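Reproduced below: input_9.cif, with mmCIF, C-alpha atoms.
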```cif
data_query
loop_
_atom_site.label_atom_id
_atom_site.label_comp_id
_atom_site.auth_asym_id
_atom_site.auth_seq_id
_atom_site.Cartn_x
_atom_site.Cartn_y
_atom_site.Cartn_z
CA MET A 1 0.51 -21.25 1.09
CA LYS A 2 -0.05 -17.50 0.85
CA LEU A 3 -2.55 -15.47 2.80
CA GLY A 4 -4.60 -12.73 1.19
CA LEU A 5 -6.43 -9.83 2.74
CA ASN A 6 -10.13 -9.73 1.92
CA LEU A 7 -11.44 -6.17 1.99
CA GLY A 8 -14.65 -6.25 0.00
CA PHE A 9 -16.15 -2.84 0.84
CA GLU A 10 -19.45 -4.18 -0.45
CA HIS A 11 -21.30 -1.83 1.89
CA MET A 12 -19.87 1.35 0.40
CA LYS A 13 -21.29 3.68 -2.18
CA THR A 14 -19.09 3.91 -5.26
CA ALA A 15 -17.82 7.25 -6.46
CA SER A 16 -17.78 7.95 -10.19
CA THR A 17 -14.43 7.30 -11.90
CA PRO A 18 -12.98 7.54 -15.42
CA HIS A 19 -12.87 4.27 -17.34
CA ASN A 20 -10.21 4.97 -19.95
CA PHE A 21 -7.19 5.50 -17.69
CA ILE A 22 -7.15 2.62 -15.20
CA ALA A 23 -3.95 1.42 -13.54
CA LYS A 24 -3.04 -2.26 -13.41
CA PRO A 25 -4.64 -3.97 -10.36
CA PRO A 26 -2.14 -4.56 -7.55
CA ARG A 27 -1.00 -7.97 -6.39
CA LYS A 28 -2.76 -9.17 -3.27
CA ASP A 29 -0.80 -12.27 -2.18
CA PHE A 30 1.80 -12.12 0.57
CA TRP A 31 3.26 -14.02 3.52
CA LEU A 32 3.34 -11.57 6.43
CA LEU A 33 2.27 -8.01 7.30
CA PHE A 34 4.33 -5.63 9.41
CA LYS A 35 4.26 -2.02 10.60
CA VAL A 36 7.34 -0.01 11.65
CA ALA A 37 6.82 2.96 13.99
CA SER A 38 7.58 4.19 17.49
CA ILE A 39 6.84 1.80 20.34
CA ASP A 40 4.06 4.11 21.59
CA ARG A 41 2.32 4.18 18.20
CA LEU A 42 2.56 0.40 17.81
CA VAL A 43 1.19 -0.29 21.30
CA GLN A 44 -1.67 2.04 20.38
CA MET A 45 -2.22 0.11 17.13
CA GLN A 46 -2.07 -3.22 18.95
CA LYS A 47 -4.85 -1.97 21.23
CA GLY A 48 -6.91 -1.37 18.11
CA LEU A 49 -6.39 2.24 16.98
CA LEU A 50 -5.35 2.68 13.33
CA TYR A 51 -4.41 6.24 12.48
CA MET A 52 -4.98 6.83 8.75
CA ASN A 53 -3.72 9.91 6.90
CA SER A 54 -4.87 11.13 3.49
CA LEU A 55 -3.31 11.22 0.03
CA GLU A 56 -3.09 14.98 0.46
CA TYR A 57 -1.05 14.52 3.64
CA PHE A 58 1.44 12.07 2.13
CA SER A 59 1.97 14.19 -1.00
CA ASN A 60 3.00 17.22 1.10
CA LEU A 61 5.28 15.70 3.75
CA GLU A 62 8.28 17.85 4.58
CA GLY A 63 10.76 18.31 7.38
CA GLU A 64 12.43 15.62 9.41
CA GLU A 65 14.23 12.73 7.76
CA GLY A 66 11.76 10.02 8.78
CA LEU A 67 8.92 11.94 7.13
CA ALA A 68 11.00 12.60 4.03
CA LEU A 69 11.34 8.85 3.49
CA ARG A 70 7.54 8.66 3.19
CA ALA A 71 7.11 11.82 1.09
CA ASP A 72 6.17 11.30 -2.54
CA GLU A 73 5.16 14.19 -4.76
CA LEU A 74 3.35 11.71 -7.05
CA GLU A 75 1.17 10.37 -4.23
CA LYS A 76 -2.05 12.04 -5.39
CA VAL A 77 -1.23 11.69 -9.11
CA TYR A 78 -3.31 9.01 -10.78
CA GLY A 79 -1.40 9.11 -14.06
CA ILE A 80 0.80 11.09 -16.44
CA LEU A 81 0.67 11.32 -20.21
CA ARG A 82 3.69 12.72 -22.05
CA ALA A 83 3.85 13.71 -25.68
CA GLY A 84 6.70 12.42 -27.83
CA ASN A 85 8.51 9.09 -27.72
CA THR A 86 7.90 7.09 -24.54
CA HIS A 87 8.25 3.46 -23.43
CA SER A 88 4.75 2.81 -24.82
CA GLY A 89 5.36 4.43 -28.25
CA CYS A 90 4.88 7.82 -29.80
CA THR A 91 2.16 9.93 -28.20
CA THR A 92 0.61 13.22 -29.28
CA LEU A 93 -1.50 15.45 -27.06
CA SER A 94 -3.96 17.95 -28.46
CA ILE A 95 -6.91 20.11 -27.47
CA LYS A 96 -9.97 20.96 -29.48
CA VAL A 97 -10.49 24.67 -30.15
CA LYS A 98 -13.92 25.10 -31.70
CA ASP A 99 -13.80 22.46 -34.45
CA GLU A 100 -10.01 22.35 -34.82
CA GLU A 101 -7.53 19.98 -33.16
CA VAL A 102 -4.46 21.84 -31.88
CA ASP A 103 -1.31 19.80 -31.23
CA LEU A 104 0.25 20.78 -27.88
CA GLY A 105 3.75 19.91 -29.03
CA SER A 106 6.38 17.31 -28.19
CA ASP A 107 6.99 18.65 -24.66
CA ALA A 108 3.36 18.58 -23.51
CA VAL A 109 2.54 16.75 -20.27
CA LEU A 110 -0.95 15.90 -19.01
CA THR A 111 -1.28 15.03 -15.31
CA ALA A 112 -4.39 13.39 -13.87
CA TYR A 113 -4.95 13.73 -10.11
CA PHE A 114 -7.04 11.68 -7.72
CA PRO A 115 -10.35 13.39 -6.99
CA ARG A 116 -10.73 14.48 -3.36
CA PRO A 117 -7.24 13.45 -2.12
CA GLN A 118 -8.03 14.94 1.29
CA ASN A 119 -10.83 12.37 1.64
CA THR A 120 -8.90 9.33 0.40
CA MET A 121 -7.36 7.59 3.41
CA LEU A 122 -4.25 5.41 3.37
CA PHE A 123 -2.92 2.96 5.89
CA CYS A 124 0.63 1.98 4.90
CA MET A 125 2.29 -1.19 6.14
CA GLY A 126 4.97 -3.55 4.91
CA ALA A 127 4.50 -7.04 3.52
CA LEU A 128 6.77 -9.96 2.81
CA ALA A 129 5.76 -11.25 -0.61
CA ASP A 130 7.43 -13.17 -3.43
CA ASN A 131 8.57 -11.24 -6.49
CA GLU A 132 8.65 -12.53 -10.07
CA ASP A 133 11.73 -14.63 -9.25
CA GLY A 134 9.89 -16.45 -6.47
CA LEU A 135 11.91 -14.72 -3.77
CA ILE A 136 11.05 -12.03 -1.24
CA PRO A 137 12.89 -8.81 -2.33
CA CYS A 138 14.99 -8.68 0.87
CA GLU A 139 15.69 -12.43 0.83
CA ALA A 140 19.20 -13.85 0.46
CA ASP A 141 20.61 -17.27 1.38
CA GLY A 142 17.33 -18.30 2.97
CA LYS A 143 17.08 -15.27 5.24
CA ILE A 144 15.07 -12.02 5.29
CA TYR A 145 17.26 -8.95 5.74
CA PHE A 146 15.52 -5.77 6.92
CA ASP A 147 16.93 -2.54 5.52
CA LYS A 148 18.63 -0.30 8.11
CA ARG A 149 16.60 2.63 6.81
CA PHE A 150 13.57 1.20 8.62
CA LEU A 151 15.13 2.61 11.80
CA ASP A 152 14.20 6.07 10.49
CA PHE A 153 10.54 5.01 10.57
CA GLY A 154 10.65 3.98 14.21
CA SER A 155 12.32 1.82 16.81
CA HIS A 156 9.98 -1.18 16.70
CA VAL A 157 7.99 -3.34 14.31
CA LEU A 158 4.55 -4.87 14.77
CA LEU A 159 4.31 -8.30 13.11
CA ILE A 160 0.81 -9.52 12.19
CA ASN A 161 0.83 -13.31 11.96
CA LYS A 162 -2.86 -13.80 11.11
CA PRO A 163 -3.65 -11.39 8.23
CA ASN A 164 -7.08 -12.91 7.57
CA ASP A 165 -8.16 -12.16 11.12
CA PHE A 166 -6.76 -8.65 10.75
CA SER A 167 -8.78 -8.26 7.54
CA TYR A 168 -11.98 -9.37 9.27
CA ARG A 169 -11.53 -6.86 12.08
CA MET A 170 -10.76 -4.08 9.59
CA ASN A 171 -13.91 -4.84 7.60
CA THR A 172 -16.05 -5.01 10.71
CA ALA A 173 -14.81 -1.59 11.88
CA ILE A 174 -15.26 0.01 8.45
CA LYS A 175 -18.85 -1.23 8.21
CA LYS A 176 -19.66 0.67 11.40
CA LEU A 177 -18.52 3.98 9.88
CA HIS A 178 -21.09 6.27 8.31
CA GLY A 179 -19.77 8.30 5.40
CA THR A 180 -17.39 5.90 3.67
CA PHE A 181 -17.09 5.44 -0.08
CA SER A 182 -15.16 3.28 -2.52
CA SER A 183 -13.99 3.81 -6.10
CA LYS A 184 -12.59 1.79 -8.98
CA LEU A 185 -9.49 3.96 -8.63
CA LEU A 186 -8.83 2.28 -5.25
CA ASP A 187 -8.66 -1.30 -6.65
CA ASP A 188 -10.77 -3.06 -3.99
CA GLY A 189 -9.09 -1.06 -1.24
CA TYR A 190 -5.86 -2.98 -0.72
CA GLY A 191 -2.77 -4.36 -2.42
CA LEU A 192 1.01 -4.55 -2.72
CA VAL A 193 2.91 -1.61 -4.14
CA ASP A 194 4.66 -2.22 -7.48
CA TYR A 195 7.97 -0.40 -7.91
CA LYS A 196 9.21 0.88 -11.26
CA PRO A 197 11.32 3.76 -12.65
CA LEU A 198 9.01 6.78 -12.89
CA GLU A 199 11.41 9.40 -14.25
CA ASN A 200 9.89 10.58 -17.55
CA TYR A 201 7.23 7.90 -17.14
CA SER A 202 4.02 8.07 -19.18
CA GLY A 203 0.93 6.10 -18.19
CA PRO A 204 -1.32 5.28 -15.22
CA ILE A 205 0.21 5.23 -11.74
CA GLY A 206 -2.60 4.84 -9.22
CA LEU A 207 -2.25 4.08 -5.53
CA TYR A 208 -0.10 0.99 -5.96
CA THR A 209 2.79 2.15 -8.16
CA LYS A 210 5.78 3.98 -6.73
CA ASP A 211 9.26 4.84 -7.90
CA CYS A 212 11.81 2.07 -7.51
CA LYS A 213 13.86 4.20 -5.09
CA TYR A 214 11.24 3.25 -2.46
CA SER A 215 11.35 -0.51 -3.17
CA TRP A 216 13.19 -1.38 0.06
CA GLN A 217 10.00 -0.41 1.95
CA MET A 218 8.05 -3.44 0.57
CA GLU A 219 4.84 -1.48 1.03
CA PHE A 220 1.32 -2.83 1.38
CA ARG A 221 -1.59 -0.37 1.33
CA ILE A 222 -5.16 -0.23 2.58
CA SER A 223 -7.30 2.61 1.24
CA PHE A 224 -10.88 3.88 1.16
CA GLY A 225 -12.69 7.18 1.05
CA VAL A 226 -14.43 8.96 3.90
CA HIS A 227 -16.47 12.15 4.13
CA GLU A 228 -15.41 15.10 6.30
CA GLN A 229 -17.54 14.15 9.29
CA CYS A 230 -15.36 11.05 9.82
CA LEU A 231 -12.09 13.00 10.09
CA ASN A 232 -10.43 14.52 13.13
CA SER A 233 -9.23 18.14 13.38
CA LYS A 234 -5.98 17.23 11.58
CA GLY A 235 -7.78 15.64 8.63
CA ALA A 236 -6.93 12.07 9.68
CA LEU A 237 -9.17 9.08 10.35
CA GLU A 238 -8.92 7.29 13.70
CA LEU A 239 -10.26 3.79 13.08
CA ASP A 240 -10.82 1.49 16.07
CA ILE A 241 -10.63 -2.15 14.95
CA GLY A 242 -10.40 -3.66 18.43
CA ASP A 243 -7.46 -5.26 20.23
CA ILE A 244 -5.15 -7.28 17.95
CA SER A 245 -2.58 -8.38 20.53
CA ASP A 246 -3.73 -12.00 20.01
CA ILE A 247 -2.65 -11.95 16.33
CA SER A 248 0.47 -9.77 16.55
CA HIS A 249 3.63 -9.08 18.49
CA ILE A 250 6.12 -6.23 18.74
CA VAL A 251 9.90 -6.53 18.45
CA PRO A 252 12.73 -4.00 18.04
CA VAL A 253 13.65 -3.22 14.43
CA GLN A 254 17.31 -3.61 15.34
CA ALA A 255 16.64 -7.20 16.42
CA LEU A 256 15.39 -8.04 12.92
CA ILE A 257 18.40 -6.32 11.37
CA ASP A 258 20.83 -8.20 13.65
CA SER A 259 19.03 -11.55 13.45
CA PRO A 260 17.28 -11.92 10.07
CA PHE A 261 14.22 -14.15 9.61
CA GLU A 262 14.95 -17.62 8.32
CA VAL A 263 12.83 -18.75 5.37
CA LYS A 264 11.85 -22.39 5.10
CA ARG A 265 9.88 -23.12 1.94
CA ARG A 266 7.71 -26.20 1.61
CA THR A 267 5.80 -27.68 -1.31
CA PHE A 268 2.34 -29.23 -0.96
CA ILE A 269 0.13 -31.18 -3.34
CA LYS A 270 -3.63 -31.51 -3.10
CA VAL A 271 -4.70 -34.94 -1.91
CA GLY A 272 -8.44 -35.46 -1.65
CA ASP A 273 -9.89 -32.64 0.41
CA GLY A 274 -6.55 -31.68 1.93
CA TYR A 275 -2.88 -31.04 1.17
CA GLU A 276 0.18 -33.20 1.67
CA GLN A 277 3.74 -31.92 2.02
CA ILE A 278 6.12 -33.45 -0.53
CA ASN A 279 9.43 -31.91 0.60
CA ASN A 280 11.07 -30.13 3.53
#
```
For the file at hand, write its structure as structure tokens.
Amino acid sequence: MKLGLNLGFEHMKTASTPHNFIAKPPRKDFWLLFKVASIDRLVQMQKGLLYMNSLEYFSNLEGEEGLALRADELEKVYGILRAGNTHSGCTTLSIKVKDEEVDLGSDAVLTAYFPRPQNTMLFCMGALADNEDGLIPCEADGKIYFDKRFLDFGSHVLLINKPNDFSYRMNTAIKKLHGTFSSKLLDDGYGLVDYKPLENYSGPIGLYTKDCKYSWQMEFRISFGVHEQCLNSKGALELDIGDISDISHIVPVQALIDSPFEVKRRTFIKVGDGYEQINN
């Protein structure tokens, strides 16, 4: 049985968004949430402090290798339209000058950016979730193998074993903030990242589509908008959700690399008001 996060954001005011260029909604079903970082940052998170950076921040990361793994120049790009032959067919782009349509040519590219990327906050985690083949992407022979590149993110990993409780505490903390906003561009504020080849891509991207070169990260995102008064001097949001040590634990990343998770799948059928396991 899968657990889903339930971030409704029903209390927020909705920002205006375009309706003719909407990305596919992200998947929201998964088995487990995790966060890789330094031990100090994870202890801080376990005590309740979530440090959220903006789209603007993630689109401009430079410098050390660990940051480069998170950098994505398409982060604040909502979508790209390319003229010419693409995976979706032949596209032409034109502008209207007075009463005349002017074709921009076969090399024209139109890029749509998220409005107010400096006010759109992201909290990036990882999630173990089945792909289209019914397997977790890092799963092989009944085990979950963590990529060694996670060591560049930090020395330890925080495992959240009760995502619904985590969701409740997130929602409770967000409701206490004054100056939050939602948008249709944020797709309910959470979801799994979908990975696809984006070289010469044409179409919507949104918050939950990234290039397949990042697929090993198995990313899960939480996002919502906040006004300037909510941000600290570095343009980040410090969200206190309360202590989560009762629903999480911290282990070294290397331990998960050396001793992969074992996966034991079970099948249940609905019997009356409950469920009954039919195999081991």
Shell of 6 Å around segment 245-261 of chain A, all atoms listed in the file, local chain residues under 5 positions omitted, as an MDAnalysis selection string: chainID A and resid 46 143:146 155:162
Test item: the PyMOL selection byres ((chain A and resi 151) around 9) resolved as a short mmCIF file (atom, residue, chain, number, x, y, z; two decimals) with C-alpha atoms, in the frame of the given file:
```cif
data_model
loop_
_atom_site.label_atom_id
_atom_site.label_comp_id
_atom_site.auth_asym_id
_atom_site.auth_seq_id
_atom_site.Cartn_x
_atom_site.Cartn_y
_atom_site.Cartn_z
CA VAL A 36 7.34 -0.01 11.65
CA ALA A 37 6.82 2.96 13.99
CA GLY A 66 11.76 10.02 8.78
CA ASP A 147 16.93 -2.54 5.52
CA LYS A 148 18.63 -0.30 8.11
CA ARG A 149 16.60 2.63 6.81
CA PHE A 150 13.57 1.20 8.62
CA ASP A 152 14.20 6.07 10.49
CA PHE A 153 10.54 5.01 10.57
CA GLY A 154 10.65 3.98 14.21
CA SER A 155 12.32 1.82 16.81
CA HIS A 156 9.98 -1.18 16.70
CA VAL A 253 13.65 -3.22 14.43
CA GLN A 254 17.31 -3.61 15.34
#
```
Give me, please, the distance in Å between atom CA of Ser223 of chain A and atom CA of Leu135 of chain A, quoted to one decimal.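 Computing the Euclidean distance for atom CA of Ser223 of chain A and atom CA of Leu135 of chain A yields 26.4 Å.
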Can you list, as a list in words, the residues that the PyMOL selection byres ((chain A and resi 205-222) around 6) selects here?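 When the PyMOL selection byres ((chain A and resi 205-222) around 6) is applied to the shown file, the picked residues are Ala23, Tyr78, Gly79, Leu122, Phe123, Cys124, Met125, Gly126, Ala127, Gly189, Tyr190, Gly191, Leu192, Val193, Asp194, Tyr195, Lys196, Pro197, Leu198, Pro204 and Ser223 of chain A.
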Can you give me, as a VMD selection string, the residues this file yields under the PyMOL selection byres ((chain A and resi 237-244) around 9)? chain A and resid 45 to 54 121 160 165 to 166 169 to 174 177 226 230 to 232 234 to 236 245 to 249
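Between Asp141 of chain A and the candidates A:Asp273, A:Asp103, A:Glu262, A:Lys175, the tightest atom-to-atom separation, counting only C-alpha atoms, involves A:Glu262.
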Completion step: segment 254-265 of chain A with all heavy atoms as a PDB file, keeping the file's coordinate frame:
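Written out: selection_12.pdb:
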```pdb
ATOM      1  N   GLN A 254      15.900  -3.223  15.321  1.00  0.00           N
ATOM      2  CA  GLN A 254      17.310  -3.610  15.340  1.00  0.00           C
ATOM      3  C   GLN A 254      17.479  -5.110  15.505  1.00  0.00           C
ATOM      4  O   GLN A 254      18.409  -5.718  14.947  1.00  0.00           O
ATOM      5  CB  GLN A 254      18.046  -2.874  16.461  1.00  0.00           C
ATOM      6  CG  GLN A 254      19.570  -3.014  16.398  1.00  0.00           C
ATOM      7  CD  GLN A 254      20.164  -2.376  15.150  1.00  0.00           C
ATOM      8  OE1 GLN A 254      19.928  -1.205  14.868  1.00  0.00           O
ATOM      9  NE2 GLN A 254      20.929  -3.153  14.391  1.00  0.00           N
ATOM     10  N   ALA A 255      16.561  -5.746  16.237  1.00  0.00           N
ATOM     11  CA  ALA A 255      16.640  -7.200  16.420  1.00  0.00           C
ATOM     12  C   ALA A 255      16.471  -7.928  15.090  1.00  0.00           C
ATOM     13  O   ALA A 255      17.138  -8.937  14.833  1.00  0.00           O
ATOM     14  CB  ALA A 255      15.581  -7.654  17.411  1.00  0.00           C
ATOM     15  N   LEU A 256      15.588  -7.413  14.221  1.00  0.00           N
ATOM     16  CA  LEU A 256      15.390  -8.040  12.920  1.00  0.00           C
ATOM     17  C   LEU A 256      16.563  -7.767  11.977  1.00  0.00           C
ATOM     18  O   LEU A 256      16.851  -8.567  11.085  1.00  0.00           O
ATOM     19  CB  LEU A 256      14.092  -7.539  12.282  1.00  0.00           C
ATOM     20  CG  LEU A 256      12.804  -7.894  13.023  1.00  0.00           C
ATOM     21  CD1 LEU A 256      11.594  -7.375  12.259  1.00  0.00           C
ATOM     22  CD2 LEU A 256      12.683  -9.397  13.223  1.00  0.00           C
ATOM     23  N   ILE A 257      17.213  -6.635  12.166  1.00  0.00           N
ATOM     24  CA  ILE A 257      18.400  -6.320  11.370  1.00  0.00           C
ATOM     25  C   ILE A 257      19.571  -7.213  11.796  1.00  0.00           C
ATOM     26  O   ILE A 257      20.302  -7.760  10.957  1.00  0.00           O
ATOM     27  CB  ILE A 257      18.777  -4.835  11.516  1.00  0.00           C
ATOM     28  CG1 ILE A 257      17.679  -3.960  10.906  1.00  0.00           C
ATOM     29  CG2 ILE A 257      20.125  -4.536  10.863  1.00  0.00           C
ATOM     30  CD1 ILE A 257      17.867  -2.476  11.149  1.00  0.00           C
ATOM     31  N   ASP A 258      19.724  -7.393  13.122  1.00  0.00           N
ATOM     32  CA  ASP A 258      20.830  -8.200  13.650  1.00  0.00           C
ATOM     33  C   ASP A 258      20.607  -9.689  13.467  1.00  0.00           C
ATOM     34  O   ASP A 258      21.568 -10.451  13.271  1.00  0.00           O
ATOM     35  CB  ASP A 258      21.031  -7.902  15.142  1.00  0.00           C
ATOM     36  CG  ASP A 258      21.472  -6.471  15.405  1.00  0.00           C
ATOM     37  OD1 ASP A 258      21.997  -5.835  14.455  1.00  0.00           O
ATOM     38  OD2 ASP A 258      21.278  -5.991  16.540  1.00  0.00           O
ATOM     39  N   SER A 259      19.348 -10.116  13.549  1.00  0.00           N
ATOM     40  CA  SER A 259      19.030 -11.550  13.450  1.00  0.00           C
ATOM     41  C   SER A 259      17.930 -11.750  12.419  1.00  0.00           C
ATOM     42  O   SER A 259      16.742 -11.797  12.754  1.00  0.00           O
ATOM     43  CB  SER A 259      18.581 -12.098  14.808  1.00  0.00           C
ATOM     44  OG  SER A 259      19.581 -11.908  15.794  1.00  0.00           O
ATOM     45  N   PRO A 260      18.280 -11.825  11.134  1.00  0.00           N
ATOM     46  CA  PRO A 260      17.280 -11.920  10.070  1.00  0.00           C
ATOM     47  C   PRO A 260      16.374 -13.149  10.208  1.00  0.00           C
ATOM     48  O   PRO A 260      16.768 -14.174  10.767  1.00  0.00           O
ATOM     49  CB  PRO A 260      18.136 -12.025   8.792  1.00  0.00           C
ATOM     50  CG  PRO A 260      19.469 -11.463   9.182  1.00  0.00           C
ATOM     51  CD  PRO A 260      19.648 -11.817  10.619  1.00  0.00           C
ATOM     52  N   PHE A 261      15.130 -13.006   9.686  1.00  0.00           N
ATOM     53  CA  PHE A 261      14.220 -14.150   9.610  1.00  0.00           C
ATOM     54  C   PHE A 261      14.864 -15.257   8.787  1.00  0.00           C
ATOM     55  O   PHE A 261      15.522 -15.008   7.783  1.00  0.00           O
ATOM     56  CB  PHE A 261      12.916 -13.762   8.886  1.00  0.00           C
ATOM     57  CG  PHE A 261      11.954 -12.964   9.703  1.00  0.00           C
ATOM     58  CD1 PHE A 261      11.260 -11.914   9.117  1.00  0.00           C
ATOM     59  CD2 PHE A 261      11.710 -13.249  11.021  1.00  0.00           C
ATOM     60  CE1 PHE A 261      10.349 -11.166   9.843  1.00  0.00           C
ATOM     61  CE2 PHE A 261      10.798 -12.513  11.757  1.00  0.00           C
ATOM     62  CZ  PHE A 261      10.121 -11.470  11.167  1.00  0.00           C
ATOM     63  N   GLU A 262      14.593 -16.486   9.172  1.00  0.00           N
ATOM     64  CA  GLU A 262      14.950 -17.620   8.320  1.00  0.00           C
ATOM     65  C   GLU A 262      13.718 -18.044   7.528  1.00  0.00           C
ATOM     66  O   GLU A 262      12.609 -18.079   8.049  1.00  0.00           O
ATOM     67  CB  GLU A 262      15.461 -18.787   9.166  1.00  0.00           C
ATOM     68  CG  GLU A 262      16.833 -18.531   9.788  1.00  0.00           C
ATOM     69  CD  GLU A 262      17.416 -19.786  10.409  1.00  0.00           C
ATOM     70  OE1 GLU A 262      16.841 -20.880  10.201  1.00  0.00           O
ATOM     71  OE2 GLU A 262      18.446 -19.664  11.100  1.00  0.00           O
ATOM     72  N   VAL A 263      13.925 -18.336   6.251  1.00  0.00           N
ATOM     73  CA  VAL A 263      12.830 -18.750   5.370  1.00  0.00           C
ATOM     74  C   VAL A 263      12.949 -20.243   5.114  1.00  0.00           C
ATOM     75  O   VAL A 263      13.997 -20.731   4.680  1.00  0.00           O
ATOM     76  CB  VAL A 263      12.884 -17.980   4.030  1.00  0.00           C
ATOM     77  CG1 VAL A 263      11.762 -18.461   3.116  1.00  0.00           C
ATOM     78  CG2 VAL A 263      12.782 -16.489   4.260  1.00  0.00           C
ATOM     79  N   LYS A 264      11.881 -20.962   5.394  1.00  0.00           N
ATOM     80  CA  LYS A 264      11.850 -22.390   5.100  1.00  0.00           C
ATOM     81  C   LYS A 264      10.672 -22.651   4.192  1.00  0.00           C
ATOM     82  O   LYS A 264       9.512 -22.581   4.616  1.00  0.00           O
ATOM     83  CB  LYS A 264      11.733 -23.208   6.385  1.00  0.00           C
ATOM     84  CG  LYS A 264      11.926 -24.708   6.167  1.00  0.00           C
ATOM     85  CD  LYS A 264      12.029 -25.463   7.487  1.00  0.00           C
ATOM     86  CE  LYS A 264      12.329 -26.939   7.251  1.00  0.00           C
ATOM     87  NZ  LYS A 264      12.427 -27.694   8.533  1.00  0.00           N
ATOM     88  N   ARG A 265      10.938 -22.917   2.944  1.00  0.00           N
ATOM     89  CA  ARG A 265       9.880 -23.120   1.940  1.00  0.00           C
ATOM     90  C   ARG A 265       9.512 -24.597   1.851  1.00  0.00           C
ATOM     91  O   ARG A 265      10.381 -25.465   1.862  1.00  0.00           O
ATOM     92  CB  ARG A 265      10.322 -22.587   0.589  1.00  0.00           C
ATOM     93  CG  ARG A 265      10.618 -21.090   0.620  1.00  0.00           C
ATOM     94  CD  ARG A 265      11.064 -20.578  -0.750  1.00  0.00           C
ATOM     95  NE  ARG A 265      11.394 -19.155  -0.657  1.00  0.00           N
ATOM     96  CZ  ARG A 265      10.514 -18.181  -0.770  1.00  0.00           C
ATOM     97  NH1 ARG A 265       9.240 -18.480  -0.984  1.00  0.00           N
ATOM     98  NH2 ARG A 265      10.880 -16.925  -0.669  1.00  0.00           N
TER      99      ARG A 265
END
```
